[in-house]
>>> print(open('structure.cif').read())   # mmCIF, C-alpha atoms
data_coords
loop_
_atom_site.label_atom_id
_atom_site.label_comp_id
_atom_site.auth_asym_id
_atom_site.auth_seq_id
_atom_site.Cartn_x
_atom_site.Cartn_y
_atom_site.Cartn_z
CA MET F 213 4.85 29.07 -3.24
CA ARG F 214 2.34 27.09 -1.18
CA LYS F 215 3.83 24.55 1.23
CA ILE F 216 2.02 21.34 2.19
CA LEU F 217 3.18 18.92 4.87
CA MET F 218 2.31 15.27 4.14
CA ARG F 219 2.75 12.15 6.23
CA SER F 220 4.95 9.82 4.21
CA ALA F 221 8.08 7.75 4.81
CA MET F 222 9.49 8.49 1.34
CA PRO F 223 11.12 11.94 0.96
CA SER F 224 9.56 14.16 -1.71
CA GLU F 225 12.79 14.22 -3.71
CA GLY F 226 13.16 10.43 -3.64
CA GLY F 227 15.07 8.11 -1.36
CA GLY F 228 18.44 7.83 -3.10
CA SER F 229 19.91 4.39 -3.81
CA ILE F 230 18.19 1.08 -3.12
CA SER F 231 20.36 0.71 -0.03
CA ASP F 232 19.47 4.21 1.19
CA ILE F 233 15.77 3.36 0.89
CA LEU F 234 16.16 0.04 2.72
CA VAL F 235 18.44 1.30 5.50
CA ASN F 236 16.21 4.31 6.21
CA ASN F 237 12.96 2.40 5.68
CA TYR F 238 11.62 4.98 3.24
CA VAL F 239 8.83 2.58 2.23
CA GLY F 240 7.36 2.46 5.75
CA ASN F 241 7.81 -1.34 6.12
CA ASN F 242 5.45 -2.13 3.21
CA THR F 243 6.00 -0.95 -0.38
CA GLY F 244 2.23 -0.72 -0.83
CA ASN F 245 2.55 2.62 0.97
CA LEU F 246 4.28 4.05 -2.09
CA LEU F 247 1.17 3.74 -4.25
CA TYR F 248 -1.40 5.65 -2.23
CA GLN F 249 1.04 8.27 -0.91
CA GLU F 250 2.24 9.05 -4.44
CA SER F 251 -1.32 9.18 -5.74
CA VAL F 252 -2.17 11.86 -3.19
CA ALA F 253 1.00 13.79 -4.03
CA ARG F 254 0.19 13.67 -7.75
CA MET F 255 -3.25 15.13 -7.03
CA ILE F 256 -2.22 18.01 -4.75
CA MET F 257 1.10 19.03 -6.30
CA THR F 258 0.28 22.03 -8.50
CA GLU F 259 2.70 24.38 -10.24
CA ASP F 260 2.84 26.59 -7.14
CA THR F 261 2.84 23.82 -4.49
CA MET F 262 5.78 22.29 -2.67
CA ILE F 263 5.19 19.10 -0.66
CA THR F 264 7.37 18.21 2.30
CA THR F 265 7.03 14.67 3.59
CA THR F 266 7.48 13.68 7.21
CA LYS F 267 7.45 10.67 9.48
CA ILE F 268 5.62 11.17 12.76
CA LYS F 269 7.76 11.54 15.86
CA LYS F 270 6.61 10.82 19.39
CA ASP F 271 7.53 14.23 20.72
CA TYR F 272 7.59 17.64 19.05
CA SER F 273 9.11 20.68 20.70
CA GLU F 274 7.19 23.93 20.90
CA GLN F 275 9.58 25.38 18.34
CA GLU F 276 8.88 22.55 15.88
CA ILE F 277 5.12 23.02 16.28
CA GLU F 278 5.46 26.76 15.73
CA GLU F 279 7.54 26.16 12.59
CA ILE F 280 4.96 23.76 11.14
CA ASN F 281 2.12 26.19 11.84
CA ALA F 282 4.06 29.08 10.35
CA GLN F 283 5.49 27.36 7.28
CA TYR F 284 2.74 25.05 6.07
CA GLU F 285 -0.75 25.67 4.75
CA MET F 286 -2.12 22.20 5.44
CA PHE F 287 -1.19 18.80 6.88
CA ILE F 288 -2.24 15.93 4.58
CA ILE F 289 -2.45 12.48 6.22
CA PRO F 290 -2.80 9.50 3.84
CA LEU F 291 -3.49 6.37 5.91
CA ALA F 292 -4.26 2.75 5.15
CA ASN F 293 -5.45 0.19 7.73
CA ALA F 294 -4.40 2.46 10.60
CA PHE F 295 -7.13 1.34 12.99
CA ARG F 296 -5.36 -1.73 14.35
CA VAL F 297 -3.61 -2.80 17.55
CA SER F 298 -0.06 -2.56 16.15
CA PHE F 299 -0.69 1.05 15.07
CA ILE F 300 -1.98 2.44 18.39
CA SER F 301 1.26 4.25 19.24
CA GLU F 302 1.36 5.93 15.82
CA ILE F 303 -2.28 6.99 16.15
CA GLU F 304 -1.57 8.47 19.57
CA ASN F 305 1.47 10.32 18.23
CA LEU F 306 -0.59 11.70 15.35
CA THR F 307 -3.34 12.79 17.72
CA HIS F 308 -0.89 14.61 19.96
CA LEU F 309 0.60 16.41 16.95
CA ILE F 310 -2.75 17.37 15.41
CA GLU F 311 -4.06 18.74 18.70
CA ARG F 312 -1.14 21.19 18.78
CA LEU F 313 -1.43 22.32 15.16
CA THR F 314 -3.50 25.28 14.01
CA ILE F 315 -3.44 24.44 10.29
CA PRO F 316 -6.08 22.21 8.59
CA CYS F 317 -5.38 18.47 8.92
CA VAL F 318 -7.01 16.16 6.35
CA VAL F 319 -7.11 12.35 6.65
CA ILE F 320 -7.36 10.46 3.34
CA GLY F 321 -8.28 6.79 3.01
CA VAL F 322 -8.14 5.39 6.56
CA GLY F 323 -9.52 1.96 7.45
CA VAL F 324 -10.11 -0.52 10.25
CA GLN F 325 -8.47 -3.94 10.38
CA ARG F 326 -10.73 -6.78 11.50
CA PRO F 327 -11.51 -10.36 10.37
CA THR F 328 -14.21 -10.86 7.74
CA ASP F 329 -15.89 -13.65 9.73
CA THR F 330 -16.63 -11.79 12.99
CA ASP F 331 -19.46 -9.75 14.46
CA ARG F 332 -17.12 -8.05 16.92
CA TRP F 333 -16.94 -4.24 16.85
CA ASN F 334 -15.07 -3.43 20.07
CA TYR F 335 -11.27 -3.38 20.07
CA PRO F 336 -8.34 -2.19 22.23
CA PHE F 337 -7.74 0.64 19.75
CA ASP F 338 -11.26 2.11 20.09
CA GLU F 339 -10.39 4.93 22.49
CA PRO F 340 -7.21 6.05 20.70
CA VAL F 341 -9.06 6.00 17.36
CA GLN F 342 -11.96 8.06 18.70
CA ALA F 343 -9.56 10.62 20.20
CA PHE F 344 -7.73 10.79 16.87
CA LEU F 345 -10.91 11.29 14.85
CA LYS F 346 -12.19 14.00 17.18
CA ALA F 347 -8.87 15.84 16.89
CA VAL F 348 -8.93 15.61 13.10
CA LEU F 349 -12.54 16.80 12.83
CA LYS F 350 -11.61 19.99 14.66
CA LYS F 351 -9.14 20.70 11.83
CA SER F 352 -11.10 19.43 8.81
CA VAL F 353 -14.65 19.06 7.49
CA LEU F 354 -14.78 15.37 6.66
CA ILE F 355 -12.65 12.23 7.04
CA GLY F 356 -12.17 9.94 4.05
CA VAL F 357 -12.45 6.20 4.87
CA ARG F 358 -11.59 3.16 2.78
CA GLY F 359 -14.89 1.30 2.62
CA GLU F 360 -18.21 0.26 4.13
CA VAL F 361 -16.70 -1.83 6.93
CA THR F 362 -14.80 1.16 8.28
CA ALA F 363 -17.92 3.29 7.77
CA GLU F 364 -19.94 0.90 9.93
CA TYR F 365 -17.21 0.85 12.57
CA LEU F 366 -17.21 4.66 12.81
CA ASP F 367 -21.00 4.77 12.78
CA ARG F 368 -21.10 2.36 15.73
CA LYS F 369 -18.65 4.61 17.58
CA GLY F 370 -20.96 7.59 17.26
CA PHE F 371 -19.57 9.35 14.18
CA VAL F 372 -22.09 10.50 11.59
CA PRO F 373 -21.94 9.36 7.93
CA GLU F 374 -21.54 12.22 5.42
CA LYS F 375 -21.15 14.66 8.31
CA ASP F 376 -18.02 13.32 9.99
CA PHE F 377 -16.83 10.84 7.36
CA THR F 378 -17.43 9.55 3.86
CA VAL F 379 -16.28 6.50 1.88
CA ILE F 380 -13.65 7.30 -0.77
CA GLY F 381 -11.90 3.96 -1.33
CA CYS F 382 -8.15 4.06 -1.92
CA PRO F 383 -6.57 7.13 -3.60
CA SER F 384 -4.17 4.83 -5.45
CA LEU F 385 -6.95 3.79 -7.87
CA HIS F 386 -7.29 7.47 -8.78
CA THR F 387 -3.58 8.01 -9.47
CA PHE F 388 -4.18 8.79 -13.14
CA GLY F 389 -7.61 10.34 -12.82
CA ASP F 390 -10.19 8.91 -15.18
CA ASN F 391 -7.49 6.97 -17.02
CA LEU F 392 -7.85 3.51 -15.52
CA PRO F 393 -6.24 1.03 -17.95
CA LYS F 394 -8.50 -1.68 -19.29
CA PRO F 395 -7.01 -5.09 -18.41
CA THR F 396 -5.48 -6.93 -21.34
CA LEU F 397 -6.98 -10.42 -21.25
CA SER F 398 -5.45 -13.50 -22.82
CA GLU F 399 -5.71 -17.26 -22.48
CA LEU F 400 -4.29 -18.36 -19.14
CA ASN F 401 -2.19 -21.52 -19.32
CA PHE F 402 0.97 -23.18 -18.02
CA HIS F 403 3.16 -20.90 -20.16
CA SER F 404 1.54 -17.64 -19.04
CA LYS F 405 3.74 -15.09 -17.25
CA VAL F 406 2.23 -14.81 -13.79
CA SER F 407 3.04 -12.96 -10.58
CA VAL F 408 1.68 -13.71 -7.11
CA ASN F 409 1.62 -11.76 -3.86
CA PHE F 410 1.18 -13.03 -0.33
CA LYS F 411 2.65 -12.68 3.16
CA ALA F 412 3.69 -15.00 5.97
CA GLU F 413 0.85 -14.11 8.36
CA LEU F 414 -1.99 -15.46 6.22
CA PRO F 415 -4.55 -18.08 7.24
CA GLU F 416 -3.04 -21.46 6.40
CA GLU F 417 -5.62 -22.32 3.74
CA VAL F 418 -5.05 -19.01 1.89
CA TYR F 419 -1.27 -19.32 1.96
CA THR F 420 -1.42 -22.96 0.84
CA PHE F 421 -3.83 -22.09 -1.98
CA LEU F 422 -1.61 -19.30 -3.30
CA ARG F 423 1.57 -21.38 -3.21
CA ARG F 424 -0.11 -24.36 -4.90
CA GLN F 425 -1.73 -22.25 -7.59
CA SER F 426 1.43 -20.34 -8.44
CA ALA F 427 3.17 -23.68 -9.03
CA ARG F 428 0.73 -24.32 -11.89
CA PHE F 429 2.77 -21.92 -14.03
CA ARG F 430 6.21 -22.34 -15.51
CA ASP F 431 6.99 -18.63 -15.37
CA TYR F 432 5.81 -17.22 -12.05
CA THR F 433 7.31 -14.78 -9.57
CA PHE F 434 6.48 -13.92 -6.00
CA ILE F 435 6.48 -10.14 -5.48
CA THR F 436 7.21 -9.31 -1.86
CA GLN F 437 6.19 -5.97 -0.33
CA VAL F 438 7.86 -6.42 3.09
CA ILE F 439 11.01 -4.39 3.66
CA LYS F 440 12.71 -7.16 5.68
CA GLU F 441 12.21 -9.55 2.77
CA ILE F 442 13.49 -7.02 0.24
CA LYS F 443 16.62 -6.57 2.39
CA ASN F 444 16.98 -10.35 2.26
CA LEU F 445 16.67 -10.25 -1.52
CA TYR F 446 19.11 -7.40 -1.94
CA VAL F 447 21.97 -8.30 0.41
CA GLY F 448 20.98 -11.58 2.05
CA TYR F 449 20.12 -9.71 5.25
CA PRO F 450 18.73 -12.38 7.62
CA TYR F 451 15.12 -12.26 8.71
CA PRO F 452 14.93 -11.67 12.50
CA GLU F 453 14.64 -15.06 14.21
CA ASN F 454 12.33 -13.74 16.93
CA GLU F 455 9.82 -12.60 14.28
CA ILE F 456 9.96 -15.97 12.57
CA ARG F 457 9.18 -17.75 15.83
CA ARG F 458 6.54 -15.25 16.95
CA SER F 459 4.67 -15.22 13.64
CA GLN F 460 4.89 -18.98 13.09
CA PHE F 461 5.94 -18.65 9.47
CA PRO F 462 4.96 -21.49 7.14
CA ALA F 463 7.76 -24.03 6.78
CA ASP F 464 8.28 -23.21 3.09
CA TYR F 465 8.10 -19.41 3.43
CA PRO F 466 11.10 -17.78 1.69
CA ILE F 467 13.01 -16.16 4.55
CA HIS F 468 16.60 -16.99 3.59
CA PHE F 469 18.50 -16.23 0.40
CA THR F 470 19.21 -19.96 0.02
CA ASP F 471 15.48 -20.78 -0.16
CA GLN F 472 14.15 -22.30 -3.38
CA LEU F 473 12.23 -19.25 -4.64
CA MET F 474 15.34 -17.10 -4.35
CA GLN F 475 17.70 -19.74 -5.72
CA GLU F 476 15.45 -20.09 -8.76
CA ASP F 477 15.11 -16.28 -9.14
CA LYS F 478 11.34 -16.49 -8.66
CA MET F 479 11.12 -13.80 -5.97
CA VAL F 480 11.44 -10.07 -6.62
CA GLY F 481 10.82 -6.80 -4.83
CA PHE F 482 10.55 -3.12 -5.69
CA VAL F 483 11.29 0.14 -3.91
CA ASP F 484 9.77 2.48 -6.50
CA SER F 485 6.29 2.39 -7.99
CA THR F 486 7.40 3.01 -11.59
CA SER F 487 9.49 -0.16 -11.71
CA TRP F 488 6.74 -2.14 -9.97
CA ILE F 489 4.02 -1.07 -12.39
CA ASN F 490 6.29 -1.48 -15.44
CA TYR F 491 7.16 -5.00 -14.35
CA LEU F 492 3.51 -5.95 -13.90
CA SER F 493 2.66 -4.55 -17.32
CA SER F 494 4.89 -7.30 -18.75
CA ARG F 495 2.98 -10.08 -16.94
CA ASP F 496 -0.16 -11.83 -18.18
CA PHE F 497 -1.85 -12.17 -14.80
CA ASN F 498 -1.35 -11.20 -11.15
CA PHE F 499 -3.09 -12.68 -8.12
CA GLY F 500 -2.75 -12.92 -4.36
CA SER F 501 -3.79 -11.56 -0.99
CA ARG F 502 -2.23 -8.08 -1.14
CA ILE F 503 -4.55 -5.17 -1.92
CA HIS F 504 -1.85 -2.82 -3.24
CA GLY F 505 -0.01 -5.66 -4.91
CA ASN F 506 -3.15 -6.07 -7.00
CA ILE F 507 -3.90 -2.36 -7.37
CA ALA F 508 -0.42 -2.01 -8.89
CA SER F 509 -1.51 -4.62 -11.41
CA ILE F 510 -4.68 -2.66 -12.22
CA LEU F 511 -2.60 0.48 -12.81
CA ALA F 512 -0.40 -1.59 -15.12
CA GLY F 513 -3.37 -2.81 -17.18
CA THR F 514 -2.78 -6.43 -16.13
CA PRO F 515 -5.69 -8.63 -14.95
CA CYS F 516 -5.63 -9.43 -11.24
CA TYR F 517 -7.55 -11.47 -8.70
CA ILE F 518 -7.62 -11.09 -4.92
CA ILE F 519 -8.12 -13.74 -2.24
CA THR F 520 -9.35 -11.75 0.77
CA SER F 521 -8.78 -12.81 4.37
CA ASP F 522 -9.70 -9.65 6.31
CA SER F 523 -11.86 -6.55 6.07
CA ARG F 524 -9.09 -4.11 5.10
CA VAL F 525 -8.66 -5.89 1.77
CA LYS F 526 -12.28 -6.92 1.21
CA GLU F 527 -13.82 -3.48 1.76
CA LEU F 528 -11.57 -1.95 -0.89
CA ALA F 529 -12.16 -4.83 -3.29
CA ASP F 530 -15.91 -4.41 -2.75
CA TYR F 531 -15.88 -0.62 -3.13
CA HIS F 532 -13.81 -0.58 -6.31
CA HIS F 533 -15.31 -3.85 -7.67
CA ILE F 534 -11.96 -5.59 -7.99
CA PRO F 535 -12.45 -9.31 -8.76
CA HIS F 536 -12.01 -11.26 -5.53
CA ILE F 537 -13.09 -14.23 -3.45
CA VAL F 538 -13.41 -14.47 0.34
CA ARG F 539 -11.21 -17.12 1.97
CA ASN F 540 -14.14 -19.21 3.27
CA GLU F 541 -15.51 -19.49 -0.28
CA LEU F 542 -12.44 -21.38 -1.48
CA GLN F 543 -13.23 -25.02 -2.19
CA GLU F 544 -10.84 -27.95 -2.34
CA GLN F 545 -11.31 -28.12 -6.12
CA THR F 546 -11.01 -24.36 -6.74
CA THR F 547 -8.16 -23.39 -9.08
CA ILE F 548 -6.79 -20.05 -10.16
CA TYR F 549 -7.89 -20.93 -13.69
CA ASP F 550 -11.49 -21.07 -12.46
CA LEU F 551 -11.20 -17.68 -10.79
CA TYR F 552 -9.57 -16.14 -13.85
CA GLU F 553 -12.39 -17.35 -16.08
CA LYS F 554 -15.07 -15.97 -13.76
CA ALA F 555 -13.40 -12.59 -13.20
CA ASP F 556 -15.44 -9.59 -14.36
CA TYR F 557 -13.59 -6.28 -14.74
CA GLY F 558 -16.60 -4.42 -16.12
CA ALA F 559 -17.81 -2.92 -12.81
CA LEU F 560 -14.27 -1.82 -11.94
CA GLN F 561 -14.10 0.09 -15.22
CA LYS F 562 -17.70 1.28 -15.46
CA GLY F 563 -17.95 2.85 -12.01
CA HIS F 564 -14.48 4.34 -11.87
CA ALA F 565 -15.40 7.83 -13.11
CA GLU F 566 -18.19 8.16 -10.54
CA ARG F 567 -15.91 7.02 -7.71
CA PHE F 568 -13.28 9.49 -8.88
CA SER F 569 -15.90 12.26 -8.75
CA LEU F 570 -16.74 11.37 -5.15
CA TYR F 571 -13.04 11.50 -4.27
CA LEU F 572 -12.71 14.95 -5.83
CA ASP F 573 -15.82 16.12 -3.93
CA PHE F 574 -14.25 14.94 -0.67
CA LEU F 575 -11.07 16.92 -1.36
CA ASP F 576 -13.06 20.01 -2.32
CA LYS F 577 -15.18 19.88 0.84
CA ASN F 578 -11.95 19.92 2.82
CA GLN F 579 -10.66 22.80 0.68
CA VAL F 580 -7.65 20.81 -0.47
CA LYS F 581 -6.16 22.71 -3.39
CA ARG F 582 -5.56 20.28 -6.22
CA LEU F 583 -5.18 19.74 -9.93
CA THR F 584 -8.27 19.90 -12.08
CA ARG F 585 -9.80 16.71 -13.41
CA GLU F 586 -8.39 17.50 -16.85
CA GLN F 587 -4.92 18.03 -15.41
CA MET F 588 -5.10 14.71 -13.53
CA ASN F 589 -6.02 13.00 -16.78
CA ALA F 590 -3.02 14.54 -18.56
CA ALA F 591 0.07 12.52 -19.37
CA GLU F 592 2.29 14.82 -17.33
CA THR F 593 1.71 16.70 -14.08
CA PRO F 594 4.14 18.63 -11.82
CA PHE F 595 4.52 15.46 -9.74
CA ASP F 596 5.29 13.42 -12.85
CA ARG F 597 8.03 15.86 -13.86
CA GLN F 598 9.56 15.67 -10.39
CA LYS F 599 9.45 11.89 -10.46
CA GLN F 600 11.10 11.74 -13.89
CA ARG F 601 14.23 13.13 -12.25
CA GLN F 602 14.39 9.99 -10.09
CA GLN F 603 15.93 6.97 -11.81
CA PRO F 604 13.70 3.85 -11.65
CA MET F 605 15.43 1.11 -9.63
CA GLY F 606 14.08 -1.87 -11.55
CA ALA F 607 13.18 -5.26 -10.09
CA ILE F 608 15.32 -6.34 -7.14
CA ARG F 609 16.42 -9.90 -7.86
CA SER F 610 17.64 -12.31 -5.22
CA PHE F 611 21.14 -12.04 -3.79
CA SER F 612 21.73 -15.75 -4.40
CA SER F 613 21.05 -15.41 -8.13
CA CYS F 614 23.58 -12.57 -8.62
CA SER F 615 27.18 -12.78 -9.76
CA LEU F 616 29.91 -12.44 -7.12
CA GLU F 617 30.68 -8.98 -8.51
CA GLU F 618 27.08 -7.85 -8.07
CA GLN F 619 26.91 -9.34 -4.58
CA GLU F 620 30.05 -7.44 -3.60
CA ARG F 621 28.70 -4.19 -5.06
CA ARG F 622 25.43 -4.53 -3.17
CA VAL F 623 27.11 -5.29 0.17
CA GLN F 624 29.50 -2.35 -0.17
CA GLU F 625 26.65 0.00 -1.11
CA TYR F 626 24.46 -1.24 1.73
CA PHE F 627 27.05 -0.87 4.48
CA SER F 628 28.09 2.51 3.13
CA SER F 629 24.47 3.62 3.52
CA MET F 630 24.40 2.27 7.07
CA GLU F 631 27.47 4.31 7.96
CA ALA F 632 26.25 7.52 6.31
#
>>> encode(input="structure.cif", output="structure tokens")
Amino acid sequence: MRKILMRSAMPSEGGGSISDILVNNYVGNNTGNLLYQESVARMIMTEDTMITTTKIKKDYSEQEIEEINAQYEMFIIPLANAFRVSFISEIENLTHLIERLTIPCVVIGVGVQRPTDTDRWNYPFDEPVQAFLKAVLKKSVLIGVRGEVTAEYLDRKGFVPEKDFTVIGCPSLHTFGDNLPKPTLSELNFHSKVSVNFKAELPEEVYTFLRRQSARFRDYTFITQVIKEIKNLYVGYPYPENEIRRSQFPADYPIHFTDQLMQEDKMVGFVDSTSWINYLSSRDFNFGSRIHGNIASILAGTPCYIITSDSRVKELADYHHIPHIVRNELQEQTTIYDLYEKADYGALQKGHAERFSLYLDFLDKNQVKRLTREQMNAAETPFDRQKQRQQPMGAIRSFSSCSLEEQERRVQEYFSSMEA
């Protein structure tokens, strides 16, 4: 049996109850992590492969390093927008670990975070990122990056395209191989079932646009991806006051279980990808600022539209041809109906097979043992069978909309998980 070590917050066997997942932060702060980490696992889990997931510690003993080198064939590192100031410590920890390993280390899908309206290319994370990339390239052939913005950033830092790195987009779009569902289009109107995704730290005009446009529909829900907000939904766990003050949350942002969106049961969250995708498959349209919130919609076969406010989202939307608009292109008269009418999903569909081929080539160059293309296209893989043993959690509705009995059950479960 081959053993692969993979960076992921969620344990391979699943995270247990909803409370277990929230208390232990098995989603890594943002549930979008579930999509691309699972897509990688589905690709590399063969009949004779066992994947062990791990969070990255600051310090590893010599014994731990020896055990990793002895037990595992490869270290797989799925990353999202890891090149950012708030991720410097994690990058440094990863670098220190990789430098001490003797097994191959493969980075899949990493990207830089920077505004879309800047010509700046120098950042406080430059040196840690360069040290990280140099360490990885000693243990692999090629690094897979998210899009052309990250490619230009690495090029400017002295790394060579197609020698040191290549653009592969996000693995989550390749979860089911060539089988990318064709969006089911219908007339969009007041009665359409719509979901929206956003976050507190958006430019004011983007946040205001998304809130105003969602109110155009009778049946809309806000899908949060932030673990603190899902805790709030599940047990009324208060949002940290210092974060509210520091981030300058919009006045109407739903941060308390008494807020209108929660009182009206218009806010939901998910801690497993199956429930998330199944829920979106029941909606008519999905839009917002979140890249994985909209990729989940694509995997569900539901039309989506992205309003981009930084490069990490835009470069993926550009690479995969996901319908989107840049924040500075929004006009006072722009409506979500206009964007829906103009959306073209043809390029997303037409170029998918070629992009999937490039992704497979990247894995092969790094000698990552994987399923064949035909096996990825199949309805069931070894990863799928493992996941079927994990019960989907369903949509997490707001604490304030639950019965007293359900509230009591949740609180007891949550504090039991905290004490475990």
>>> residues_around(input="structure.cif", residues="Glu339 in chain F", least_positions_apart="2", cutoff="12 Å", atoms="only C-alpha atoms", output="JSON, numbers by chain")
{"F": [295, 296, 297, 300, 303, 304, 307, 334, 335, 336, 337, 341, 342, 343, 344, 345, 346, 366, 369]}
>>> closest_residue(input="structure.cif", among="F:Glu278, F:Asp530, F:Glu225, F:Glu417", to="Ile503 in chain F", atoms="only C-alpha atoms")
F:Asp530
>>> resolve_selection(input="structure.cif", expression="the PyMOL selection byres ((chain F and resi 384-390) around 10)", output="PyMOL selection string")
chain F and resi 244-255+321+381-383+391-393+504+507-508+510-511+532+561+564-569+571-572+584-593
>>> closest_residue(input="structure.cif", among="F:Ile489, F:Ala559, F:Met262, F:Ala529", to="Ala512 in chain F", atoms="only C-alpha atoms")
F:Ile489
>>> resolve_selection(input="structure.cif", expression="the PyMOL selection byres ((chain F and resi 613) around 8)", output="list of chain:residue names")
F:Met474, F:Gln475, F:Glu476, F:Asp477, F:Arg609, F:Ser610, F:Phe611, F:Ser612, F:Cys614, F:Ser615
>>> closest_residue(input="structure.cif", among="F:Ile256, F:Val318, F:Met479, F:Leu217", to="Gln283 in chain F", atoms="all atoms listed in the file")
F:Leu217
>>> residues_around(input="structure.cif", residues="Pro450 in chain F", least_positions_apart="4", cutoff="8 Å", atoms="only C-alpha atoms", output="PyMOL selection string")
chain F and resi 444+467-468
>>> residues_around(input="structure.cif", residues="Pro373 in chain F", least_positions_apart="2", cutoff="12 Å", atoms="all atoms listed in the file", output="list in words")
Leu354, Ile355, Gly356, Val357, Gly359, Glu360, Thr362, Ala363, Glu364, Tyr365, Leu366, Asp367, Arg368, Lys369, Gly370, Phe371, Lys375, Asp376, Phe377, Thr378 and Val379 of chain F
>>> build_atoms(input="structure.cif", residues="range 580-585 of chain F", atoms="all heavy atoms", output="PDB file, in the frame of the given file")
ATOM      1  N   VAL F 580      -8.989  21.235  -0.058  1.00  0.00           N
ATOM      2  CA  VAL F 580      -7.650  20.810  -0.470  1.00  0.00           C
ATOM      3  C   VAL F 580      -7.405  21.309  -1.894  1.00  0.00           C
ATOM      4  O   VAL F 580      -8.100  20.887  -2.825  1.00  0.00           O
ATOM      5  CB  VAL F 580      -7.509  19.273  -0.419  1.00  0.00           C
ATOM      6  CG1 VAL F 580      -6.123  18.857  -0.896  1.00  0.00           C
ATOM      7  CG2 VAL F 580      -7.779  18.751   0.999  1.00  0.00           C
ATOM      8  N   LYS F 581      -6.471  22.195  -2.056  1.00  0.00           N
ATOM      9  CA  LYS F 581      -6.160  22.710  -3.390  1.00  0.00           C
ATOM     10  C   LYS F 581      -5.494  21.602  -4.196  1.00  0.00           C
ATOM     11  O   LYS F 581      -4.585  20.928  -3.724  1.00  0.00           O
ATOM     12  CB  LYS F 581      -5.267  23.936  -3.276  1.00  0.00           C
ATOM     13  CG  LYS F 581      -5.976  25.117  -2.614  1.00  0.00           C
ATOM     14  CD  LYS F 581      -5.085  26.339  -2.518  1.00  0.00           C
ATOM     15  CE  LYS F 581      -5.836  27.488  -1.827  1.00  0.00           C
ATOM     16  NZ  LYS F 581      -4.983  28.689  -1.657  1.00  0.00           N
ATOM     17  N   ARG F 582      -5.951  21.439  -5.423  1.00  0.00           N
ATOM     18  CA  ARG F 582      -5.560  20.280  -6.220  1.00  0.00           C
ATOM     19  C   ARG F 582      -5.527  20.609  -7.691  1.00  0.00           C
ATOM     20  O   ARG F 582      -5.924  21.700  -8.123  1.00  0.00           O
ATOM     21  CB  ARG F 582      -6.546  19.140  -5.977  1.00  0.00           C
ATOM     22  CG  ARG F 582      -7.984  19.526  -6.347  1.00  0.00           C
ATOM     23  CD  ARG F 582      -8.933  18.359  -6.288  1.00  0.00           C
ATOM     24  NE  ARG F 582     -10.312  18.713  -6.596  1.00  0.00           N
ATOM     25  CZ  ARG F 582     -10.808  18.863  -7.820  1.00  0.00           C
ATOM     26  NH1 ARG F 582     -10.020  18.697  -8.893  1.00  0.00           N
ATOM     27  NH2 ARG F 582     -12.084  19.162  -8.003  1.00  0.00           N
ATOM     28  N   LEU F 583      -5.079  19.627  -8.478  1.00  0.00           N
ATOM     29  CA  LEU F 583      -5.180  19.740  -9.930  1.00  0.00           C
ATOM     30  C   LEU F 583      -6.634  19.603 -10.357  1.00  0.00           C
ATOM     31  O   LEU F 583      -7.456  19.005  -9.656  1.00  0.00           O
ATOM     32  CB  LEU F 583      -4.348  18.639 -10.600  1.00  0.00           C
ATOM     33  CG  LEU F 583      -2.835  18.633 -10.359  1.00  0.00           C
ATOM     34  CD1 LEU F 583      -2.206  17.453 -11.085  1.00  0.00           C
ATOM     35  CD2 LEU F 583      -2.196  19.936 -10.795  1.00  0.00           C
ATOM     36  N   THR F 584      -6.944  20.110 -11.518  1.00  0.00           N
ATOM     37  CA  THR F 584      -8.270  19.900 -12.080  1.00  0.00           C
ATOM     38  C   THR F 584      -8.372  18.464 -12.593  1.00  0.00           C
ATOM     39  O   THR F 584      -7.371  17.753 -12.733  1.00  0.00           O
ATOM     40  CB  THR F 584      -8.547  20.853 -13.239  1.00  0.00           C
ATOM     41  OG1 THR F 584      -7.649  20.528 -14.317  1.00  0.00           O
ATOM     42  CG2 THR F 584      -8.338  22.305 -12.824  1.00  0.00           C
ATOM     43  N   ARG F 585      -9.597  18.055 -12.869  1.00  0.00           N
ATOM     44  CA  ARG F 585      -9.800  16.710 -13.410  1.00  0.00           C
ATOM     45  C   ARG F 585      -9.028  16.548 -14.728  1.00  0.00           C
ATOM     46  O   ARG F 585      -8.395  15.516 -14.972  1.00  0.00           O
ATOM     47  CB  ARG F 585     -11.289  16.483 -13.630  1.00  0.00           C
ATOM     48  CG  ARG F 585     -11.657  15.040 -13.922  1.00  0.00           C
ATOM     49  CD  ARG F 585     -13.157  14.844 -13.926  1.00  0.00           C
ATOM     50  NE  ARG F 585     -13.512  13.443 -13.837  1.00  0.00           N
ATOM     51  CZ  ARG F 585     -14.444  12.950 -13.050  1.00  0.00           C
ATOM     52  NH1 ARG F 585     -15.115  13.761 -12.245  1.00  0.00           N
ATOM     53  NH2 ARG F 585     -14.712  11.653 -13.040  1.00  0.00           N
TER      54      ARG F 585
END
